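Engineer: Sharing coords_18.cif below, mmCIF, C-alpha atoms and all ligand atoms:
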```cif
data_protein
loop_
_atom_site.label_atom_id
_atom_site.label_comp_id
_atom_site.auth_asym_id
_atom_site.auth_seq_id
_atom_site.Cartn_x
_atom_site.Cartn_y
_atom_site.Cartn_z
CA MET A 1 -18.44 2.02 52.37
CA ASP A 2 -21.04 -0.70 52.13
CA GLN A 3 -21.89 -1.19 48.51
CA ILE A 4 -25.50 -2.13 48.11
CA THR A 5 -26.78 -5.13 46.22
CA THR A 6 -29.99 -4.12 44.57
CA LEU A 7 -32.53 -5.58 42.21
CA ALA A 8 -32.43 -2.32 40.27
CA LEU A 9 -28.92 -3.20 39.09
CA ASP A 10 -29.73 -6.85 38.45
CA GLN A 11 -30.04 -7.61 34.71
CA ASP A 12 -32.27 -10.63 35.32
CA PHE A 13 -34.66 -8.57 37.40
CA VAL A 14 -34.89 -5.91 34.68
CA ALA A 15 -35.40 -8.58 32.02
CA ALA A 16 -38.22 -10.09 34.09
CA GLN A 17 -39.83 -6.65 34.38
CA ASN A 18 -39.56 -6.21 30.62
CA ALA A 19 -40.89 -9.65 29.69
CA PRO A 20 -44.63 -8.91 29.98
CA LEU A 21 -44.19 -5.65 28.05
CA THR A 22 -42.21 -6.86 25.04
CA ALA A 23 -45.07 -8.19 22.86
CA ALA A 24 -46.89 -4.83 22.94
CA LEU A 25 -43.62 -2.99 22.36
CA ASP A 26 -42.77 -5.13 19.32
CA ASP A 27 -46.23 -4.43 17.95
CA ASP A 28 -46.03 -0.66 18.48
CA TYR A 29 -42.49 -0.54 17.13
CA ALA A 30 -43.47 -2.39 13.96
CA ALA A 31 -46.45 -0.07 13.40
CA LEU A 32 -44.32 3.03 13.90
CA GLY A 33 -41.67 1.55 11.61
CA ARG A 34 -44.26 1.21 8.83
CA ALA A 35 -45.56 4.74 9.37
CA LEU A 36 -42.05 6.20 9.28
CA ASP A 37 -41.18 4.13 6.25
CA ARG A 38 -44.03 5.84 4.37
CA ARG A 39 -42.25 9.13 5.21
CA GLY A 40 -38.96 7.78 3.91
CA ILE A 41 -37.50 7.35 7.40
CA ASP A 42 -35.69 4.20 8.50
CA ILE A 43 -36.76 3.51 12.08
CA GLU A 44 -33.64 1.48 12.76
CA ALA A 45 -31.40 4.46 11.99
CA ILE A 46 -33.35 6.57 14.50
CA THR A 47 -33.24 3.85 17.16
CA LYS A 48 -29.51 3.49 16.68
CA ALA A 49 -28.95 7.23 17.09
CA VAL A 50 -31.20 7.36 20.17
CA SER A 51 -29.40 4.40 21.65
CA ALA A 52 -26.04 6.16 21.28
CA PHE A 53 -27.36 9.41 22.76
CA ALA A 54 -26.22 10.14 26.30
CA VAL A 55 -26.74 12.87 28.85
CA ALA A 56 -24.72 13.16 32.07
CA ALA A 57 -26.43 12.90 35.45
CA PRO A 58 -25.51 15.60 37.99
CA THR A 59 -24.39 14.11 41.30
CA TRP A 60 -26.09 16.89 43.26
CA ALA A 61 -29.49 16.01 41.83
CA VAL A 62 -29.79 12.60 43.48
CA GLY A 63 -30.29 14.26 46.87
CA SER A 64 -33.39 16.20 47.86
CA GLY A 65 -33.10 19.75 46.69
CA GLY A 66 -34.56 22.68 48.48
CA THR A 67 -35.96 26.11 47.91
CA ARG A 68 -34.87 29.38 49.46
CA PHE A 69 -37.32 28.57 52.25
CA ALA A 70 -36.83 24.94 53.20
CA ARG A 71 -35.49 21.56 52.38
CA PHE A 72 -37.51 18.46 53.11
CA PRO A 73 -35.23 15.47 53.64
CA MET A 74 -36.15 12.18 52.05
CA ALA A 75 -35.59 8.60 53.12
CA GLY A 76 -32.43 6.98 51.82
CA GLU A 77 -30.69 10.16 50.74
CA PRO A 78 -27.10 9.63 49.58
CA ARG A 79 -24.56 10.39 52.32
CA ASP A 80 -21.59 11.03 50.08
CA ILE A 81 -20.30 10.77 46.53
CA PHE A 82 -20.13 6.98 46.80
CA ASP A 83 -23.85 6.74 47.58
CA LYS A 84 -24.57 9.26 44.85
CA LEU A 85 -22.72 7.08 42.38
CA GLU A 86 -24.92 4.12 43.27
CA ASP A 87 -28.07 6.16 42.76
CA CYS A 88 -26.73 7.40 39.42
CA ALA A 89 -25.97 3.80 38.45
CA VAL A 90 -29.62 2.91 39.05
CA VAL A 91 -30.70 5.83 36.86
CA ASN A 92 -28.43 4.58 34.09
CA ALA A 93 -29.27 0.90 34.50
CA LEU A 94 -33.01 1.48 34.15
CA ALA A 95 -33.26 4.42 31.75
CA GLY A 96 -30.09 3.54 29.82
CA ALA A 97 -29.20 7.12 28.89
CA THR A 98 -26.84 8.47 31.57
CA PRO A 99 -23.53 6.58 31.41
CA THR A 100 -21.57 9.51 32.87
CA ILE A 101 -21.94 11.70 35.91
CA SER A 102 -21.05 15.33 36.47
CA PRO A 103 -19.53 15.90 39.94
CA HIS A 104 -19.53 19.12 41.94
CA PHE A 105 -16.79 20.22 44.34
CA PRO A 106 -16.59 20.55 47.29
CA TRP A 107 -19.98 18.79 47.52
CA ASP A 108 -18.41 15.57 46.22
CA GLU A 109 -15.12 15.90 48.07
CA THR A 110 -13.41 12.62 48.97
CA SER A 111 -9.96 11.77 50.21
CA ASP A 112 -10.06 8.51 48.26
CA LEU A 113 -10.15 9.31 44.55
CA PRO A 114 -8.88 5.86 43.47
CA ALA A 115 -11.77 4.24 45.36
CA LEU A 116 -14.18 6.61 43.64
CA LYS A 117 -12.75 5.77 40.26
CA GLU A 118 -12.92 2.09 41.04
CA LEU A 119 -16.54 2.22 42.16
CA ALA A 120 -17.50 4.23 39.08
CA ALA A 121 -15.82 1.68 36.83
CA SER A 122 -17.50 -1.22 38.61
CA LEU A 123 -20.87 0.50 38.12
CA GLY A 124 -20.11 1.20 34.47
CA LEU A 125 -20.07 4.97 34.97
CA GLY A 126 -17.67 7.56 33.60
CA PHE A 127 -17.11 11.21 34.52
CA ASP A 128 -18.37 14.16 32.52
CA ALA A 129 -17.58 17.82 33.23
CA VAL A 130 -16.55 18.65 36.79
CA ASN A 131 -18.21 21.68 38.40
CA SER A 132 -16.43 24.15 40.65
CA ASN A 133 -18.19 26.00 43.41
CA THR A 134 -17.23 29.50 44.43
CA PHE A 135 -20.82 30.55 45.00
CA GLN A 136 -20.58 29.57 48.64
CA ASP A 137 -17.90 29.58 51.31
CA HIS A 138 -15.96 26.46 52.23
CA PRO A 139 -15.73 26.97 56.00
CA ASN A 140 -14.05 23.66 56.81
CA ASP A 141 -11.40 23.91 54.13
CA PRO A 142 -8.11 25.56 55.17
CA ARG A 143 -7.52 26.39 51.49
CA HIS A 144 -10.54 28.69 51.71
CA PRO A 145 -9.89 31.24 54.47
CA LEU A 146 -11.59 34.04 52.50
CA SER A 147 -15.30 34.59 51.90
CA TYR A 148 -17.12 34.72 48.56
CA LYS A 149 -19.84 36.93 49.98
CA TYR A 150 -18.94 39.71 47.56
CA GLY A 151 -17.91 37.53 44.67
CA SER A 152 -15.19 35.15 43.59
CA LEU A 153 -13.55 35.29 40.15
CA SER A 154 -14.55 38.95 39.78
CA HIS A 155 -13.99 39.97 43.41
CA THR A 156 -12.36 43.34 44.03
CA ASP A 157 -9.77 41.66 46.28
CA PRO A 158 -7.03 39.87 44.29
CA ALA A 159 -6.54 37.42 47.17
CA VAL A 160 -10.14 36.19 46.87
CA ARG A 161 -9.76 35.88 43.12
CA ALA A 162 -6.55 33.88 43.59
CA GLN A 163 -8.33 31.56 46.03
CA ALA A 164 -11.19 31.02 43.56
CA ILE A 165 -8.77 30.38 40.68
CA GLU A 166 -6.89 27.87 42.81
CA HIS A 167 -10.14 26.06 43.62
CA ASN A 168 -11.01 25.81 39.93
CA LEU A 169 -7.58 24.45 39.11
CA ARG A 170 -7.96 21.85 41.83
CA CYS A 171 -11.33 20.83 40.40
CA ALA A 172 -9.72 20.40 36.99
CA GLU A 173 -6.97 18.35 38.57
CA ILE A 174 -9.50 16.08 40.31
CA GLY A 175 -11.43 15.89 37.05
CA GLU A 176 -8.32 14.85 35.17
CA ALA A 177 -7.66 12.10 37.72
CA LEU A 178 -11.22 10.86 37.24
CA GLY A 179 -11.05 10.88 33.46
CA SER A 180 -13.17 13.99 32.91
CA LYS A 181 -12.38 16.32 30.04
CA ALA A 182 -14.08 19.57 31.01
CA LEU A 183 -14.54 22.07 33.80
CA THR A 184 -17.81 23.98 34.17
CA VAL A 185 -17.64 27.35 35.88
CA TRP A 186 -20.73 29.06 37.16
CA ILE A 187 -20.28 31.98 39.54
CA GLY A 188 -22.90 33.87 41.49
CA ASP A 189 -20.86 37.10 41.33
CA GLY A 190 -22.80 40.28 40.80
CA ALA A 191 -24.61 43.07 42.54
CA ASN A 192 -27.85 43.49 44.43
CA PHE A 193 -27.92 47.27 44.12
CA PRO A 194 -27.36 49.79 41.35
CA GLY A 195 -23.95 51.33 41.85
CA GLN A 196 -22.67 48.43 43.95
CA GLN A 197 -20.32 47.22 41.25
CA HIS A 198 -18.52 48.73 38.28
CA PHE A 199 -19.84 46.58 35.39
CA GLY A 200 -16.77 46.95 33.18
CA ARG A 201 -14.15 46.41 35.87
CA ALA A 202 -15.94 43.38 37.31
CA PHE A 203 -16.11 41.82 33.83
CA ASP A 204 -12.42 42.55 33.22
CA ARG A 205 -11.50 40.90 36.51
CA TYR A 206 -13.64 37.88 35.63
CA ILE A 207 -11.97 37.46 32.24
CA GLU A 208 -8.53 37.77 33.79
CA SER A 209 -9.36 35.07 36.33
CA VAL A 210 -10.81 32.74 33.70
CA GLN A 211 -7.70 33.26 31.60
CA ALA A 212 -5.63 32.11 34.57
CA ILE A 213 -7.79 28.98 34.96
CA TYR A 214 -7.54 28.28 31.25
CA ALA A 215 -3.76 28.66 31.32
CA GLY A 216 -3.41 26.37 34.34
CA MET A 217 -5.83 23.56 33.52
CA PRO A 218 -4.79 20.47 31.54
CA GLU A 219 -4.39 21.10 27.82
CA THR A 220 -6.85 18.32 27.09
CA PHE A 221 -9.56 20.15 29.01
CA ARG A 222 -12.37 22.33 27.75
CA LEU A 223 -13.60 25.17 29.91
CA PHE A 224 -17.37 25.75 30.02
CA LEU A 225 -18.67 29.16 31.10
CA GLU A 226 -22.25 29.01 32.36
CA HIS A 227 -24.30 32.19 32.32
CA LYS A 228 -27.34 32.92 34.45
CA MET A 229 -29.48 36.01 34.44
CA TYR A 230 -29.95 36.49 38.15
CA GLU A 231 -29.85 34.78 41.55
CA PRO A 232 -28.16 35.12 43.91
CA ALA A 233 -27.33 38.60 42.55
CA PHE A 234 -30.68 40.26 41.95
CA TYR A 235 -29.68 43.47 40.24
CA ALA A 236 -26.80 42.52 37.95
CA THR A 237 -24.87 39.31 37.45
CA VAL A 238 -21.39 39.42 35.94
CA ILE A 239 -22.05 36.59 33.45
CA GLN A 240 -25.73 37.23 33.10
CA ASP A 241 -26.37 36.22 29.50
CA TRP A 242 -24.98 34.43 26.48
CA GLY A 243 -23.55 37.71 25.15
CA SER A 244 -21.33 38.18 28.21
CA SER A 245 -20.46 34.50 28.14
CA LEU A 246 -19.50 34.66 24.46
CA LEU A 247 -17.38 37.78 24.92
CA ALA A 248 -15.55 36.12 27.78
CA ALA A 249 -15.08 32.81 25.94
CA GLN A 250 -13.73 34.65 22.90
CA ALA A 251 -11.30 36.56 25.08
CA VAL A 252 -10.03 33.37 26.70
CA GLY A 253 -9.34 30.83 23.96
CA ASP A 254 -10.51 28.12 21.58
CA ARG A 255 -11.24 25.55 24.27
CA CYS A 256 -13.31 28.02 26.27
CA LEU A 257 -16.99 27.62 25.40
CA CYS A 258 -20.45 28.77 26.48
CA LEU A 259 -22.74 26.45 28.40
CA VAL A 260 -26.50 26.92 28.19
CA ASP A 261 -28.60 26.05 31.23
CA LEU A 262 -32.19 26.16 30.01
CA GLY A 263 -33.38 27.83 33.23
CA HIS A 264 -30.95 30.74 33.11
CA HIS A 265 -32.71 33.18 30.81
CA ALA A 266 -35.35 35.86 30.93
CA ALA A 267 -38.88 34.51 30.54
CA ASN A 268 -39.84 34.15 26.87
CA VAL A 269 -36.29 34.42 25.59
CA ASN A 270 -35.81 32.41 22.42
CA ILE A 271 -33.29 29.87 23.72
CA GLU A 272 -33.16 27.84 20.53
CA MET A 273 -31.99 30.93 18.72
CA ILE A 274 -29.24 31.46 21.30
CA VAL A 275 -28.20 27.88 20.59
CA ALA A 276 -28.05 28.62 16.85
CA ARG A 277 -25.93 31.71 17.47
CA LEU A 278 -23.48 29.81 19.68
CA VAL A 279 -23.26 27.05 17.08
CA HIS A 280 -22.53 29.72 14.49
CA ALA A 281 -19.77 31.17 16.67
CA ARG A 282 -18.45 27.63 17.32
CA LYS A 283 -18.72 28.35 20.99
CA LEU A 284 -21.46 26.00 22.15
CA ALA A 285 -20.15 24.01 25.12
CA GLY A 286 -23.31 22.11 25.82
CA PHE A 287 -26.29 22.16 28.14
CA HIS A 288 -27.69 21.87 31.56
CA PHE A 289 -31.14 20.52 30.78
CA ASN A 290 -34.09 21.24 33.04
CA ASP A 291 -37.38 23.06 32.66
CA SER A 292 -38.95 26.15 34.13
CA LYS A 293 -42.09 28.19 34.23
CA TYR A 294 -40.80 31.37 35.83
CA GLY A 295 -37.08 31.48 36.55
CA ASP A 296 -34.35 29.01 37.37
CA ASP A 297 -36.98 26.55 38.57
CA ASP A 298 -34.81 23.45 37.93
CA LEU A 299 -37.85 21.33 37.14
CA ASP A 300 -37.58 18.05 35.25
CA ALA A 301 -36.58 18.38 31.59
CA GLY A 302 -39.64 18.60 29.36
CA ALA A 303 -42.03 18.95 32.31
CA ILE A 304 -43.29 22.42 31.38
CA ASP A 305 -42.42 23.15 27.77
CA PRO A 306 -41.47 20.03 25.81
CA TYR A 307 -41.90 21.90 22.53
CA ARG A 308 -39.09 24.28 23.48
CA LEU A 309 -36.86 21.31 24.28
CA PHE A 310 -37.69 19.91 20.84
CA LEU A 311 -36.88 23.26 19.20
CA VAL A 312 -33.49 23.29 20.94
CA PHE A 313 -32.81 19.80 19.61
CA ASN A 314 -34.00 20.87 16.21
CA GLU A 315 -31.07 23.30 16.15
CA LEU A 316 -28.67 20.67 17.48
CA VAL A 317 -29.66 18.06 14.92
CA ASP A 318 -29.43 20.69 12.20
CA ALA A 319 -25.86 21.49 13.31
CA GLU A 320 -25.02 17.80 13.57
CA GLN A 321 -26.34 17.02 10.10
CA ARG A 322 -24.60 20.02 8.56
CA ARG A 323 -21.42 18.61 10.13
CA THR A 324 -20.61 21.95 11.71
CA PRO A 325 -16.86 21.91 12.47
CA GLY A 326 -16.03 21.57 16.14
CA PHE A 327 -19.64 20.75 17.04
CA GLN A 328 -19.33 18.46 20.05
CA PRO A 329 -21.76 19.58 22.75
CA SER A 330 -21.78 18.05 26.23
CA TYR A 331 -25.21 17.17 27.50
CA MET A 332 -25.92 17.28 31.22
CA LEU A 333 -29.01 17.46 33.39
CA ASP A 334 -29.19 20.08 36.13
CA GLN A 335 -32.29 19.80 38.25
CA SER A 336 -33.43 20.18 41.82
CA HIS A 337 -35.96 17.66 43.09
CA ASN A 338 -38.09 18.85 45.95
CA VAL A 339 -41.28 16.79 45.69
CA THR A 340 -40.28 13.71 43.68
CA ASP A 341 -37.90 10.83 44.16
CA PRO A 342 -34.75 12.20 42.43
CA ILE A 343 -34.01 8.86 40.77
CA GLU A 344 -37.45 8.84 39.15
CA SER A 345 -37.09 12.46 38.07
CA LEU A 346 -33.65 11.92 36.57
CA MET A 347 -34.77 8.85 34.63
CA THR A 348 -37.81 10.71 33.35
CA SER A 349 -35.73 13.71 32.32
CA ALA A 350 -33.15 11.59 30.52
CA VAL A 351 -35.99 9.98 28.57
CA GLU A 352 -37.50 13.39 27.77
CA VAL A 353 -34.20 14.68 26.44
CA GLN A 354 -33.86 11.56 24.30
CA ARG A 355 -37.43 12.02 23.11
CA ALA A 356 -36.71 15.57 21.94
CA TYR A 357 -33.63 14.29 20.12
CA ALA A 358 -35.58 11.50 18.42
CA GLN A 359 -38.35 13.90 17.36
CA ALA A 360 -35.77 16.33 15.98
CA LEU A 361 -34.24 13.50 13.94
CA LEU A 362 -37.63 13.06 12.25
CA VAL A 363 -37.74 16.59 10.84
CA ASP A 364 -37.85 16.51 7.04
CA ARG A 365 -35.01 18.99 6.55
CA THR A 366 -35.21 19.05 2.78
CA ALA A 367 -38.88 20.01 2.94
CA LEU A 368 -38.19 22.54 5.70
CA ASP A 369 -35.50 24.17 3.63
CA GLU A 370 -37.82 24.38 0.63
CA PHE A 371 -40.64 25.91 2.67
CA GLN A 372 -38.24 28.42 4.21
CA THR A 373 -36.89 29.37 0.78
CA ALA A 374 -40.38 29.67 -0.68
CA ASN A 375 -41.52 31.81 2.27
CA ASP A 376 -44.21 29.37 3.30
CA PRO A 377 -44.37 29.86 7.06
CA LEU A 378 -47.40 27.67 7.57
CA MET A 379 -45.88 24.61 5.93
CA ALA A 380 -42.49 25.28 7.50
CA SER A 381 -43.98 25.27 10.96
CA GLN A 382 -46.14 22.24 10.09
CA THR A 383 -42.97 20.41 9.08
CA LEU A 384 -41.62 20.88 12.59
CA LYS A 385 -44.98 20.01 14.15
CA ARG A 386 -45.20 16.81 12.16
CA ALA A 387 -41.95 15.60 13.68
CA TYR A 388 -42.83 16.87 17.15
CA THR A 389 -46.24 15.22 17.23
CA THR A 390 -44.92 11.82 16.17
CA ASP A 391 -45.13 9.46 19.13
CA VAL A 392 -41.56 8.16 19.34
CA GLN A 393 -42.16 6.24 22.56
CA PRO A 394 -41.70 2.81 20.89
CA ILE A 395 -38.27 3.93 19.62
CA LEU A 396 -37.16 5.05 23.07
CA ALA A 397 -38.48 1.91 24.74
CA MET A 398 -36.94 -0.35 22.09
CA ALA A 399 -33.55 1.34 22.47
CA ARG A 400 -33.75 0.71 26.22
CA ASN A 401 -34.93 -2.87 25.86
CA ARG A 402 -32.13 -3.72 23.46
CA LYS A 403 -29.47 -2.44 25.82
CA GLY A 404 -30.92 -4.27 28.81
CA ALA A 405 -32.50 -1.21 30.42
CA ALA A 406 -36.15 -1.04 31.45
CA ILE A 407 -39.02 -0.64 29.02
CA ASP A 408 -40.83 1.23 31.80
CA PRO A 409 -38.03 2.68 34.01
CA VAL A 410 -40.19 4.15 36.76
CA ALA A 411 -42.30 0.99 37.15
CA ALA A 412 -39.18 -1.18 37.27
CA TYR A 413 -37.56 1.15 39.81
CA ARG A 414 -40.60 1.05 42.06
CA ALA A 415 -40.79 -2.75 41.78
CA SER A 416 -37.10 -3.02 42.75
CA GLY A 417 -37.73 -1.49 46.19
CA TYR A 418 -34.46 0.44 45.88
CA ARG A 419 -35.49 3.49 47.89
CA ALA A 420 -36.68 1.41 50.84
CA ALA A 421 -33.51 -0.68 50.69
CA VAL A 422 -31.17 2.31 50.81
CA ALA A 423 -33.32 3.94 53.50
CA ARG A 424 -32.40 1.03 55.77
CA ILE A 425 -28.69 1.77 55.52
CA ARG A 426 -28.62 5.53 55.01
CA PRO A 427 -29.80 7.55 57.99
CA VAL A 428 -32.20 10.43 57.28
CA LYS A 429 -30.33 13.70 56.84
CA THR A 430 -31.83 16.16 59.24
CA GLY A 431 -31.61 19.89 58.92
CA GLY A 432 -34.34 21.66 57.03
CA SER A 433 -32.62 24.85 56.02
CA GLY A 434 -33.04 26.14 52.50
CA GLY A 435 -30.42 27.69 50.31
CA ILE A 436 -29.79 25.49 47.33
CA VAL A 437 -29.17 27.38 44.07
C1 LIG A 501 -26.65 27.49 39.16
O1 LIG A 501 -27.99 27.81 39.28
C2 LIG A 501 -26.48 26.10 38.53
O2 LIG A 501 -27.26 26.01 37.37
C3 LIG A 501 -25.03 25.81 38.25
O3 LIG A 501 -24.91 24.91 37.18
C4 LIG A 501 -24.62 25.16 39.52
O4 LIG A 501 -23.41 24.45 39.42
C5 LIG A 501 -25.82 24.25 39.75
O5 LIG A 501 -26.91 25.10 39.41
C6 LIG A 501 -25.96 23.66 41.11
O6 LIG A 501 -26.32 24.60 42.07
MN MN A 502 -26.66 24.78 35.70
#
```
Re-express the file's structure as structure tokens.
Structural biologist:
Amino acid sequence: MDQITTLALDQDFVAAQNAPLTAALDDDYAALGRALDRRGIDIEAITKAVSAFAVAAPTWAVGSGGTRFARFPMAGEPRDIFDKLEDCAVVNALAGATPTISPHFPWDETSDLPALKELAASLGLGFDAVNSNTFQDHPNDPRHPLSYKYGSLSHTDPAVRAQAIEHNLRCAEIGEALGSKALTVWIGDGANFPGQQHFGRAFDRYIESVQAIYAGMPETFRLFLEHKMYEPAFYATVIQDWGSSLLAAQAVGDRCLCLVDLGHHAANVNIEMIVARLVHARKLAGFHFNDSKYGDDDLDAGAIDPYRLFLVFNELVDAEQRRTPGFQPSYMLDQSHNVTDPIESLMTSAVEVQRAYAQALLVDRTALDEFQTANDPLMASQTLKRAYTTDVQPILAMARNRKGAAIDPVAAYRASGYRAAVARIRPVKTGGSGGIV
């Protein structure tokens, strides 16, 4: 593996990019500080919280995604997990918000885990939740002789279920070796036709399989169940919604929690309310952030409906400030980049997630509580809007500047010439077939 030397990871280069922007930033930050002070808010406290906020980058998102119809390869695509790590390091170096990565197996399979650990440490990256994959077959893996065509953890054949359980346990084992503390399980199991599957029996089989994973994984691990309404099963999915996810998590154990991917719900569903319910049940695992207009579009976080992202964070900050016991959500991005440079999209999304968090921190919760109690819907909603419409950009940029990241991450990335540099050493991946989920 030829580790690349790049300007994007060079602190002096980033500082030089920031230099011409700092005077304006100082000015804007001071002005915002005064405005917030008039509202009784200490800007430094918000900047500190934003600075500590982190969201994991998904390894699979640094490659070009695809649709069901095609995949358009891009120059300099990562060849393996080692290349992906370098791309993720650039995302973190410039946007300063993604110090951990979330790997996916077998996509990130390597025979040299110590080397992977070493590279991650040298790039200043840690490992967040590991993701298993039983939504496709593993044709080159002798441990996977059986097909997942008709399901995995809920399959009618116990041998397929055993194979899927074994894969999950292996993922947890790899995760443990890498320093991860959680396993995320998303399955595509379900039915395309009414009558194809017995709803109750399939759910029972799923729970039994997850119980086996839970019993076999390290005791330090948390198990995240990710629901999704449809796709690839278009009639009924076994873990289609947060209700099924919650029932399963409750049947499995305390460390089994429900993960919310923002793209996995029916259109117009009130996701922030689902978040509040999972917080209430003490079963919120965390998030896969992305945005969507129609279905599981996997667009960049905040690209379509930034107000919804803010409303989700409004619930999270509320739970945080109420010191809800056991509240410790894991934040991850989960996106597919088809028309943008993935590094630019990931940096932008990380910033958008931080923005929603910062805005939610500005909500006057005492006033909100009073307006709610007094049944004053207009002022209650205005209280949220006041926080949401505050331009927190200077806070985000200052947090980045102070930690040596870029004031303008995309501009610094483009100036670094990173994509062209990696394109010289990473051959273009051919093969334009679709199929990514
Ligand atoms: C499924 O759509 C999903 O959201 C799951 O998190 C997968 O692990 C990921 O996308 C990648 O396909
Ligand atoms: Mn997801």
Engineer: Once you count only C-alpha atoms, which residues end up no further than 10 Å from (-18.4, 40.5, 31.5) in the file's frame, shown as a list in words?
Structural biologist: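 So the residues meeting the distance criterion are Ser154, Phe199, Gly200, Arg201, Ala202, Phe203, Asp204, Arg205, Tyr206, Ile207, Thr237, Val238, Ile239, Gln240, Asp241, Gly243, Ser244, Ser245, Leu246, Leu247 and Ala248 of chain A.
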Engineer: Distance atom CA of A:Ser122-atom CA of A:Ala177, one decimal place?
Structural biologist: 16.6 Å
Engineer: Using all atoms listed in the file, find each residue with an atom at most 7 Å away from ligand MN 502 (chain A) and format the answer as a count of residues only.
Structural biologist: 4
Engineer: Taking all atoms listed in the file into account, list the residues no farther than 10 Å from ligand LIG 501 (chain A), as a ChimeraX atom specification.
Structural biologist: /A:58-61,65,102-105,130-135,184-188,225-232,259-264,287-290,296-298,332-336,435-437
Engineer: What lies within 10 Å of A:Met347 using only C-alpha atoms, ignoring chain neighbours under 5 positions off, as a list of chain:residue names?
Structural biologist: A:Ala57, A:Cys88, A:Val90, A:Val91, A:Asn92, A:Ala93, A:Leu94, A:Ala95, A:Gly96, A:Ala97, A:Thr98, A:Asp300, A:Pro342, A:Glu352, A:Pro409, A:Val410, A:Tyr413
Engineer: Could you please take those selected residues and save C-alpha atoms as a compact mmCIF listing (two decimals), in the coordinates of the input?
Structural biologist:
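Contents of out.txt, freshly written:
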```
# COMPACT_ATOMS: atom_id res chain seq x y z
CA ALA A 57 -26.43 12.90 35.45
CA CYS A 88 -26.73 7.40 39.42
CA VAL A 90 -29.62 2.91 39.05
CA VAL A 91 -30.70 5.83 36.86
CA ASN A 92 -28.43 4.58 34.09
CA ALA A 93 -29.27 0.90 34.50
CA LEU A 94 -33.01 1.48 34.15
CA ALA A 95 -33.26 4.42 31.75
CA GLY A 96 -30.09 3.54 29.82
CA ALA A 97 -29.20 7.12 28.89
CA THR A 98 -26.84 8.47 31.57
CA ASP A 300 -37.58 18.05 35.25
CA PRO A 342 -34.75 12.20 42.43
CA GLU A 352 -37.50 13.39 27.77
CA PRO A 409 -38.03 2.68 34.01
CA VAL A 410 -40.19 4.15 36.76
CA TYR A 413 -37.56 1.15 39.81
```
Engineer: List the neighbours of A:Asp137 out to 9 Å using only C-alpha atoms; skip same-chain residues closer than 3 positions along the sequence, and give me the result as number ranges by chain.
Structural biologist: A: 133-134, 140, 144-149
Engineer: Distance cut-off 8 Å, centre (-29.5, 5.0, 54.4) in file coordinates, counting all atoms listed in the file: which residues qualify? Return them as a PyMOL selection string.
Structural biologist: chain A and resi 75-79+421-428
Engineer: Quote the spacing between atom CA of A:Ala266 and atom CA of A:Leu316 in Å to one decimal place.
Structural biologist: 21.4 Å
Engineer: Restricting the calculation to only C-alpha atoms: of A:Ser381, A:Asp10, A:Ala415, A:Ile395, which residue gets closest to A:Asp42?
Structural biologist: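 Smallest distance to A:Asp42 is found for A:Ile395.
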Engineer: With all atoms listed in the file as the atoms that count, which of A:Ala374, A:Arg419, A:Val339, A:Thr100 lies nearest to A:Ala121?
Structural biologist: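 Nearest candidate to A:Ala121 out of A:Ala374, A:Arg419, A:Val339, A:Thr100: A:Thr100.
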Engineer: Go through A:Leu21, A:Ala412, A:Ala129, A:Leu284 one by one, measure the shortest atom-to-atom distance of each to A:Pro325 using only C-alpha atoms, and give the residue with the smallest value.
Structural biologist: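 Between A:Leu21, A:Ala412, A:Ala129, A:Leu284, the residue approaching A:Pro325 most closely is A:Leu284.
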Engineer: Interatomic distance between atom CA of A:Val210 and atom CA of A:Val252?
Structural biologist: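 One can read the atom CA of A:Val210 to atom CA of A:Val252 distance as 7.1 Å.
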Engineer: Show me a table, sorted first by chain and then by increasing residue number, of the residues of stretch 28-93 of chain A having an atom at most 12 Å from stretch 362-373 of chain A, each with its shortest atom pair and the distance in Å to one decimal, counting all atoms listed in the file and written as a tab-separated table.
Structural biologist:
```
residue	atom	partner	partner_atom	distance
A:Ala35	CA	A:Leu362	CA	11.8
A:Leu36	CA	A:Leu362	CA	8.7
A:Asp37	CA	A:Leu362	CA	11.3
A:Arg39	CA	A:Asp364	CA	8.8
A:Gly40	CA	A:Asp364	CA	9.3
A:Ile41	CA	A:Leu362	CA	7.5
A:Asp42	CA	A:Leu362	CA	9.8
A:Ile43	CA	A:Leu362	CA	9.6
A:Ala45	CA	A:Leu362	CA	10.6
A:Ile46	CA	A:Leu362	CA	8.1
A:Thr47	CA	A:Leu362	CA	11.3
A:Ala49	CA	A:Leu362	CA	11.5
A:Val50	CA	A:Leu362	CA	11.7
```
Engineer: So which residues touch A:Arg355 within 12 Å, counting all atoms listed in the file, skipping near sequence neighbours fewer than 2 positions away, as number ranges by chain?
Structural biologist: A: 46-47, 49-51, 53-54, 97, 301-302, 306-307, 309-311, 313-314, 348-353, 357-362, 387-397, 399
Engineer: Which residues are near A:Ile174? Cut-off 10 Å, only C-alpha atoms, ignore same chain within fewer than 4 positions. Put them as number ranges by chain.
Structural biologist: A: 105, 109, 113, 130, 168-170, 178-180
Engineer: Just the selected residues (C-alpha atoms), exported as a compact mmCIF listing (two decimals), in the frame of the given file, please.
Structural biologist:
```
# COMPACT_ATOMS: atom_id res chain seq x y z
CA PHE A 105 -16.79 20.22 44.34
CA GLU A 109 -15.12 15.90 48.07
CA LEU A 113 -10.15 9.31 44.55
CA VAL A 130 -16.55 18.65 36.79
CA ASN A 168 -11.01 25.81 39.93
CA LEU A 169 -7.58 24.45 39.11
CA ARG A 170 -7.96 21.85 41.83
CA LEU A 178 -11.22 10.86 37.24
CA GLY A 179 -11.05 10.88 33.46
CA SER A 180 -13.17 13.99 32.91
```
